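Okay, so here's the structure we're looking at.
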Amino acid sequence: MEQAEQAAIHFGTDGWRAVIGDDFTSDSLARLAQATAEVFADVSTQPGATLLVGYDARFRADAFARLAAEVIAAHGVNVILSDRIIPTPTLCWAAARRADVVGAVMLTASHNDSSYLGYKVRLADGGAALPEFTDRIVAALPQHADYARAEVETEDLLSPYLEALRAQIDTRAIAAWPVEVVVDPLYGAGQGALAGLLREAGVTVHEIHDERNPGFGGLHPEPIEPWVAPAREAVLATGSVAALITDGDADRIGALDETGLWIAPPKLMALLATYLVEDKGQTGAIIKTRAGSVLVDRIARALGCDCIETPIGFKWVYEQMIERPVLIGGEESGGIGIPGHLLERDGLLMAILLVNVMAARKKPLKALMEDIYERVGDMKYRRIDVRLSPEQMEGFLARIPTLRPAQVTGLSLCDATDHDGLKLRFDDDQWLLLRPSGTEPLVRIYAEALTQQATDRLLNAGYWLVTTGVEQPQAADIPGIGRLIADPVD
């Protein structure tokens, strides 16, 4: 039994996540905390080294965080525990600015549904621990938790972080062009924080899903379709210029324009890069993952910036941030970061910058995106998720090395790579990516094409390639998730 439980603890794209009461138990967490303490104690050379521990708004996340903090403290590492629910970037920001801090642990399952909880590890600079570090933690897992616990102190980590964000708001531009927005934290750790900062700056804010609800009201706390539907209703009802949506731990950003159209996060990154270069005079490389939009490459060329592609997962974006001067970096799921602020994603900062650019350029989000499309052209980008049985997943993984269709939806294959999921490239910058999730039992299917119809056809073909290995172009829709294809999306 113990051996099976130990095998269940592994770090995916960003941390370890498991169902509460199933693999995520007090015992598994205590073992993981003990291993974390051992590794941080080994790598730390300074006396009084401190580890920060935070938690999000999930069921019993506060109790689990206290358990982890007290176990770590009992095994030789000083610990400071957050005194309240905080976004993940709050913890990272605090770690990066304290000389005594060697790392941080965040109890969160990010965008996963409410049945999950998770464990993220961050380093002294606030960045995500790379695989070689988390591999050491897994290797150090004890067979049995000894449950030794020590008292820990708590501290307000949120207020200094909010003060730093407050300094990023362009209050002068907002005063000249008043902004009205919907803010949706999806019941997550960002509730009250972003809305409060924007209201202080003179923004009219309509916040929804801002009360404590560990079940997330049945929503997945992920700022993509279909979970943005309530924000769409709110933006249309209030006449706001945009909806700004953060995920469960507020390190990701999603947005809708004033018509309720969801804007794919890589397109938001293209807009933000333009603002940073042209309005703020900043420079540096633009980092995207291999599931990012080709519009990021195009806007990088237009701005005179290098564009570097990484594997999926912000830890690889972080790796680039510590190797070279970077303007902005982000992943396709809405995790976007600016290294001058933090070597991590920050959904709250990205929302603030979107308000800034609307106010500075005196245009709502739709008009700003149209300016980008007029400049570098438009592509239609979308992602869907397909949940597979263990047998289906095994079959798909076995097919990846040889799955090379000559054509998909009539598009001739130009190139195929399979080092991080299977990516098929076609003419005119069109592509299809089939990638097993690093945190959930599903395959994420991404596509980008010249028209929405062409993108949807690629997604439909991708579904059949994942589940059967054969494209079925005559299939009218994707069984069970065809509704996603009809949702308004950019």
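We name chains A, B, ... following the order of the structure tokens; residues begin at 1 in each chain, and ligands are numbered from 1 as shown.
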
Query raised in the report: Quick one: residues within 12 Å of region 420-428 of chain A, only C-alpha atoms counted, chain neighbours fewer than 5 positions away excluded, as a PyMOL selection string?
Result: chain A and resi 13+289-292+294+309-313+377-379+396-415+433-438+443-451+454+458+461-462+465-466

With DSSP run on the backbone, what are the alpha helix (DSSP H) residues within region 229-312 of chain A? I'd like them as a VMD selection string.
chain A and resid 229 to 238 265 to 278 294 to 303

Counting only C-alpha atoms, closest pick from A:Leu130, A:Ala41, A:Ala273, A:Leu353 relative to Ala167 (chain A) is A:Leu353

(request) Check the DSSP output for the backbone and give back, as a PyMOL selection string, the residues of region 247-458 of chain A in strand (DSSP E). (result) chain A and resi 253-257+262-263+285-289+307-310+326-330+336-337+380-387+407-408+411-412+415-417+422-425+431-436+442-449

Neighbour list for Val277 (chain A) as a PDB file with N, CA and C atoms, in the first residue's frame, cut-off 10 Å, only C-alpha atoms, skip fewer than 3 positions in-chain:
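For reference, selection.pdb as written:
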ATOM      1  N   LEU A 272       0.080  42.684 -25.201  1.00  0.00           N
ATOM      2  CA  LEU A 272       0.868  43.194 -24.085  1.00  0.00           C
ATOM      3  C   LEU A 272       2.308  43.473 -24.498  1.00  0.00           C
ATOM      4  N   ALA A 273       2.871  42.628 -25.355  1.00  0.00           N
ATOM      5  CA  ALA A 273       4.229  42.870 -25.841  1.00  0.00           C
ATOM      6  C   ALA A 273       4.293  44.185 -26.607  1.00  0.00           C
ATOM      7  N   THR A 274       3.280  44.442 -27.420  1.00  0.00           N
ATOM      8  CA  THR A 274       3.222  45.697 -28.182  1.00  0.00           C
ATOM      9  C   THR A 274       3.178  46.896 -27.243  1.00  0.00           C
ATOM     10  N   LYS A 280       5.904  51.680 -23.346  1.00  0.00           N
ATOM     11  CA  LYS A 280       6.773  51.714 -22.176  1.00  0.00           C
ATOM     12  C   LYS A 280       8.255  51.724 -22.527  1.00  0.00           C
ATOM     13  N   GLY A 281       8.594  51.533 -23.814  1.00  0.00           N
ATOM     14  CA  GLY A 281       9.985  51.608 -24.242  1.00  0.00           C
ATOM     15  C   GLY A 281      10.859  50.464 -23.773  1.00  0.00           C
ATOM     16  N   GLN A 282      10.280  49.309 -23.504  1.00  0.00           N
ATOM     17  CA  GLN A 282      11.045  48.173 -23.004  1.00  0.00           C
ATOM     18  C   GLN A 282      11.539  47.291 -24.153  1.00  0.00           C
ATOM     19  N   THR A 283      12.523  46.466 -23.861  1.00  0.00           N
ATOM     20  CA  THR A 283      13.116  45.590 -24.874  1.00  0.00           C
ATOM     21  C   THR A 283      13.329  44.197 -24.292  1.00  0.00           C
ATOM     22  N   GLY A 284      13.690  43.262 -25.172  1.00  0.00           N
ATOM     23  CA  GLY A 284      13.982  41.902 -24.737  1.00  0.00           C
ATOM     24  C   GLY A 284      13.314  40.881 -25.623  1.00  0.00           C
ATOM     25  N   LEU A 303       8.019  43.995 -33.946  1.00  0.00           N
ATOM     26  CA  LEU A 303       8.583  44.833 -32.885  1.00  0.00           C
ATOM     27  C   LEU A 303      10.102  44.789 -32.849  1.00  0.00           C
ATOM     28  N   GLY A 304      10.711  43.935 -33.670  1.00  0.00           N
ATOM     29  CA  GLY A 304      12.169  43.803 -33.670  1.00  0.00           C
ATOM     30  C   GLY A 304      12.700  42.998 -32.508  1.00  0.00           C
ATOM     31  N   CYS A 305      11.872  42.086 -31.966  1.00  0.00           N
ATOM     32  CA  CYS A 305      12.268  41.252 -30.822  1.00  0.00           C
ATOM     33  C   CYS A 305      12.528  39.820 -31.274  1.00  0.00           C
ATOM     34  N   LEU A 327      11.575  40.260 -22.481  1.00  0.00           N
ATOM     35  CA  LEU A 327      10.527  41.271 -22.373  1.00  0.00           C
ATOM     36  C   LEU A 327       9.307  40.696 -21.671  1.00  0.00           C
TER      37      LEU A 327
END

_Applying 7 Å and only C-alpha atoms, which residues near region 77-79 of chain A remain after dropping the ones on its own chain fewer than 3 positions away? List them as number ranges by chain._
A: 37, 41, 48-52, 69, 72-73, 152

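Checking A:Leu194, A:Glu132, A:Thr238, A:Ala8 one by one against Ile352 (chain A), counting only C-alpha atoms, you find the shortest gap at A:Leu194.
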
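Among A:Gln392, A:Gln430, A:Ser44, A:Ser82, the residue with the shortest atom-to-atom distance to Leu158 (chain A), counting only C-alpha atoms, is A:Ser82.
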
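For the residues A:Leu271, A:Val181, A:Ile80, A:Leu186, ranking by smallest atom-to-atom distance to Val102 (chain A) using only C-alpha atoms places A:Ile80 first.
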
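Using only C-alpha atoms, the smallest distance between any of A:Met369, A:Ile169, A:Ala65, A:Leu81 and Ala94 (chain A) comes from A:Leu81.
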
- Would you kindly return, as a PyMOL selection string, each protein, DNA or RNA residue with an atom no farther than 7 Å from any atom of region 245-260 of chain A, considering only C-alpha atoms and excluding same-chain residues fewer than 2 positions away? chain A and resi 56+87-89+108+110-111+183-186+188-190+221-224+232+235-236+239-243+262-263+265+334-336+345-348+350-351+365-366

Filtering to C-alpha atoms, could you give me those residues as an mmCIF file, in the first residue's frame?
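again-v4.cif, freshly written:
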data_model
loop_
_atom_site.group_PDB
_atom_site.id
_atom_site.type_symbol
_atom_site.label_atom_id
_atom_site.label_comp_id
_atom_site.auth_asym_id
_atom_site.auth_seq_id
_atom_site.Cartn_x
_atom_site.Cartn_y
_atom_site.Cartn_z
ATOM 1 C CA ASP A 56 -5.500 28.886 -2.227
ATOM 2 C CA PRO A 87 -2.516 33.921 -5.141
ATOM 3 C CA THR A 88 0.519 31.881 -6.168
ATOM 4 C CA PRO A 89 2.305 34.999 -7.550
ATOM 5 C CA THR A 108 -3.070 24.702 -4.879
ATOM 6 C CA SER A 110 -4.513 25.788 -9.977
ATOM 7 C CA HIS A 111 -7.176 25.286 -12.674
ATOM 8 C CA VAL A 183 -13.605 40.899 -12.904
ATOM 9 C CA ASP A 184 -14.147 37.169 -12.405
ATOM 10 C CA PRO A 185 -11.765 35.338 -10.020
ATOM 11 C CA LEU A 186 -13.770 32.109 -10.539
ATOM 12 C CA GLY A 188 -10.271 31.462 -6.623
ATOM 13 C CA ALA A 189 -7.460 33.071 -4.682
ATOM 14 C CA GLY A 190 -7.683 36.339 -6.609
ATOM 15 C CA PRO A 221 -11.497 27.623 -12.079
ATOM 16 C CA GLU A 222 -9.918 27.956 -15.518
ATOM 17 C CA PRO A 223 -10.383 31.136 -17.608
ATOM 18 C CA ILE A 224 -11.330 29.394 -20.855
ATOM 19 C CA ARG A 232 -19.757 36.906 -20.793
ATOM 20 C CA VAL A 235 -19.903 42.000 -19.623
ATOM 21 C CA LEU A 236 -22.902 42.184 -21.952
ATOM 22 C CA GLY A 239 -21.681 47.328 -21.075
ATOM 23 C CA SER A 240 -18.119 46.881 -19.829
ATOM 24 C CA VAL A 241 -15.161 47.194 -22.198
ATOM 25 C CA ALA A 242 -13.737 43.817 -21.150
ATOM 26 C CA ALA A 243 -13.936 40.947 -18.692
ATOM 27 C CA TRP A 262 -12.973 35.159 -25.619
ATOM 28 C CA ILE A 263 -9.459 36.216 -26.629
ATOM 29 C CA PRO A 265 -4.133 34.125 -24.133
ATOM 30 C CA GLY A 334 -2.861 32.165 -19.857
ATOM 31 C CA GLY A 335 0.208 32.019 -17.635
ATOM 32 C CA ILE A 336 2.143 35.152 -18.642
ATOM 33 C CA ARG A 345 3.219 34.018 -14.090
ATOM 34 C CA ASP A 346 0.991 36.687 -12.612
ATOM 35 C CA GLY A 347 -2.633 36.873 -13.692
ATOM 36 C CA LEU A 348 -3.330 39.952 -11.581
ATOM 37 C CA MET A 350 -1.556 40.935 -16.646
ATOM 38 C CA ALA A 351 -5.106 42.104 -15.921
ATOM 39 C CA LEU A 365 -10.186 45.400 -25.960
ATOM 40 C CA LYS A 366 -11.897 44.532 -29.246
#

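One distance worth recording is that between CA of Glu323 (chain A) and CA of Phe133 (chain A), which is 17.7 Å.
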
Neighbour list for Phe11 (chain A) as a JSON list (two decimals) with N, CA, C and O atoms, in the first residue's frame, cut-off 10 Å, only C-alpha atoms, skip fewer than 5 positions in-chain:
[["chain", "number", "residue", "atom", "x", "y", "z"],
["A", 16, "TRP", "N", 2.61, 18.69, -8.18],
["A", 16, "TRP", "CA", 1.88, 17.43, -8.00],
["A", 16, "TRP", "C", 0.44, 17.76, -7.66],
["A", 16, "TRP", "O", 0.17, 18.61, -6.82],
["A", 17, "ARG", "N", -0.48, 17.09, -8.34],
["A", 17, "ARG", "CA", -1.90, 17.29, -8.07],
["A", 17, "ARG", "C", -2.59, 15.94, -7.95],
["A", 17, "ARG", "O", -2.24, 15.00, -8.67],
["A", 118, "GLY", "N", -3.19, 20.41, -4.77],
["A", 118, "GLY", "CA", -1.87, 20.19, -5.34],
["A", 118, "GLY", "C", -0.78, 20.87, -4.53],
["A", 118, "GLY", "O", -1.04, 21.56, -3.52],
["A", 119, "TYR", "N", 0.46, 20.69, -5.02],
["A", 119, "TYR", "CA", 1.66, 21.10, -4.28],
["A", 119, "TYR", "C", 2.66, 21.63, -5.29],
["A", 119, "TYR", "O", 3.22, 20.88, -6.07],
["A", 120, "LYS", "N", 2.85, 22.96, -5.29],
["A", 120, "LYS", "CA", 3.82, 23.59, -6.18],
["A", 120, "LYS", "C", 5.06, 23.98, -5.39],
["A", 120, "LYS", "O", 4.95, 24.48, -4.27],
["A", 121, "VAL", "N", 6.22, 23.79, -6.00],
["A", 121, "VAL", "CA", 7.49, 24.16, -5.36],
["A", 121, "VAL", "C", 8.12, 25.32, -6.13],
["A", 121, "VAL", "O", 8.23, 25.27, -7.36],
["A", 131, "PRO", "N", 12.74, 20.25, -13.28],
["A", 131, "PRO", "CA", 12.58, 18.81, -13.01],
["A", 131, "PRO", "C", 13.71, 18.20, -12.19],
["A", 131, "PRO", "O", 13.45, 17.32, -11.35],
["A", 134, "THR", "N", 12.73, 18.88, -8.52],
["A", 134, "THR", "CA", 11.58, 18.11, -8.02],
["A", 134, "THR", "C", 11.85, 16.61, -8.07],
["A", 134, "THR", "O", 11.31, 15.87, -7.24],
["A", 135, "ASP", "N", 12.70, 16.17, -8.99],
["A", 135, "ASP", "CA", 13.09, 14.76, -9.00],
["A", 135, "ASP", "C", 13.81, 14.39, -7.70],
["A", 135, "ASP", "O", 13.65, 13.27, -7.18],
["A", 137, "ILE", "N", 13.23, 15.75, -4.81],
["A", 137, "ILE", "CA", 12.22, 15.65, -3.76],
["A", 137, "ILE", "C", 11.51, 14.29, -3.82],
["A", 137, "ILE", "O", 11.33, 13.61, -2.79],
["A", 138, "VAL", "N", 11.14, 13.86, -5.02],
["A", 138, "VAL", "CA", 10.47, 12.56, -5.16],
["A", 138, "VAL", "C", 11.40, 11.43, -4.71],
["A", 138, "VAL", "O", 10.97, 10.49, -4.03],
["A", 438, "GLY", "N", 0.24, 17.11, -18.57],
["A", 438, "GLY", "CA", 1.21, 16.72, -17.55],
["A", 438, "GLY", "C", 0.61, 16.66, -16.16],
["A", 438, "GLY", "O", 1.28, 16.27, -15.21],
["A", 439, "THR", "N", -0.67, 17.05, -16.00],
["A", 439, "THR", "CA", -1.27, 17.10, -14.68],
["A", 439, "THR", "C", -2.61, 16.38, -14.58],
["A", 439, "THR", "O", -3.11, 16.17, -13.47]]

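Distances here use only C-alpha atoms; by that measure, the residue among A:Ile328, A:Leu342, A:Leu91, A:Leu29 closest to Ser159 (chain A) is A:Leu91.
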
* Distance query His144 (chain A) at most 9 Å, only C-alpha atoms, self and fewer than 5 positions along chain excluded, as a ChimeraX atom specification -> /A:2,27-28,30-31

Given the selection you just returned, output its residues as a file containing all heavy atoms, formatted as a PDB file, in the first residue's frame.
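Ended up saving to result_3.pdb:
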ATOM      1  N   GLU A   2       1.862   1.258   0.898  1.00  0.00           N
ATOM      2  CA  GLU A   2       2.736   2.428   0.962  1.00  0.00           C
ATOM      3  C   GLU A   2       3.484   2.620  -0.337  1.00  0.00           C
ATOM      4  O   GLU A   2       3.665   3.724  -0.807  1.00  0.00           O
ATOM      5  CB  GLU A   2       3.729   2.276   2.116  1.00  0.00           C
ATOM      6  CG  GLU A   2       3.092   2.351   3.495  1.00  0.00           C
ATOM      7  CD  GLU A   2       2.546   3.731   3.791  1.00  0.00           C
ATOM      8  OE1 GLU A   2       2.948   4.686   3.104  1.00  0.00           O
ATOM      9  OE2 GLU A   2       1.730   3.871   4.700  1.00  0.00           O
ATOM     10  N   ASP A  27      -1.305  11.768   4.932  1.00  0.00           N
ATOM     11  CA  ASP A  27      -0.112  10.937   4.935  1.00  0.00           C
ATOM     12  C   ASP A  27       0.791  11.252   3.743  1.00  0.00           C
ATOM     13  O   ASP A  27       1.999  11.447   3.899  1.00  0.00           O
ATOM     14  CB  ASP A  27      -0.504   9.459   4.910  1.00  0.00           C
ATOM     15  CG  ASP A  27       0.711   8.545   5.043  1.00  0.00           C
ATOM     16  OD1 ASP A  27       1.264   8.463   6.147  1.00  0.00           O
ATOM     17  OD2 ASP A  27       1.114   7.949   4.020  1.00  0.00           O
ATOM     18  N   SER A  28       0.202  11.308   2.535  1.00  0.00           N
ATOM     19  CA  SER A  28       1.031  11.584   1.359  1.00  0.00           C
ATOM     20  C   SER A  28       1.627  12.982   1.430  1.00  0.00           C
ATOM     21  O   SER A  28       2.780  13.206   1.059  1.00  0.00           O
ATOM     22  CB  SER A  28       0.213  11.413   0.074  1.00  0.00           C
ATOM     23  OG  SER A  28      -0.893  12.286   0.044  1.00  0.00           O
ATOM     24  N   ALA A  30       2.338  14.682   4.223  1.00  0.00           N
ATOM     25  CA  ALA A  30       3.387  14.707   5.247  1.00  0.00           C
ATOM     26  C   ALA A  30       4.680  14.108   4.707  1.00  0.00           C
ATOM     27  O   ALA A  30       5.781  14.617   4.979  1.00  0.00           O
ATOM     28  CB  ALA A  30       2.919  13.948   6.484  1.00  0.00           C
ATOM     29  N   ARG A  31       4.573  13.048   3.931  1.00  0.00           N
ATOM     30  CA  ARG A  31       5.772  12.453   3.331  1.00  0.00           C
ATOM     31  C   ARG A  31       6.432  13.421   2.362  1.00  0.00           C
ATOM     32  O   ARG A  31       7.654  13.577   2.318  1.00  0.00           O
ATOM     33  CB  ARG A  31       5.403  11.143   2.619  1.00  0.00           C
ATOM     34  CG  ARG A  31       5.011  10.021   3.557  1.00  0.00           C
ATOM     35  CD  ARG A  31       4.441   8.816   2.829  1.00  0.00           C
ATOM     36  NE  ARG A  31       5.333   8.356   1.777  1.00  0.00           N
ATOM     37  CZ  ARG A  31       4.969   8.232   0.505  1.00  0.00           C
ATOM     38  NH1 ARG A  31       3.750   8.568   0.116  1.00  0.00           N
ATOM     39  NH2 ARG A  31       5.827   7.788  -0.383  1.00  0.00           N
TER      40      ARG A  31
END

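What separates CA of Ile20 (chain A) from CA of Tyr116 (chain A) is a distance of 5.5 Å.
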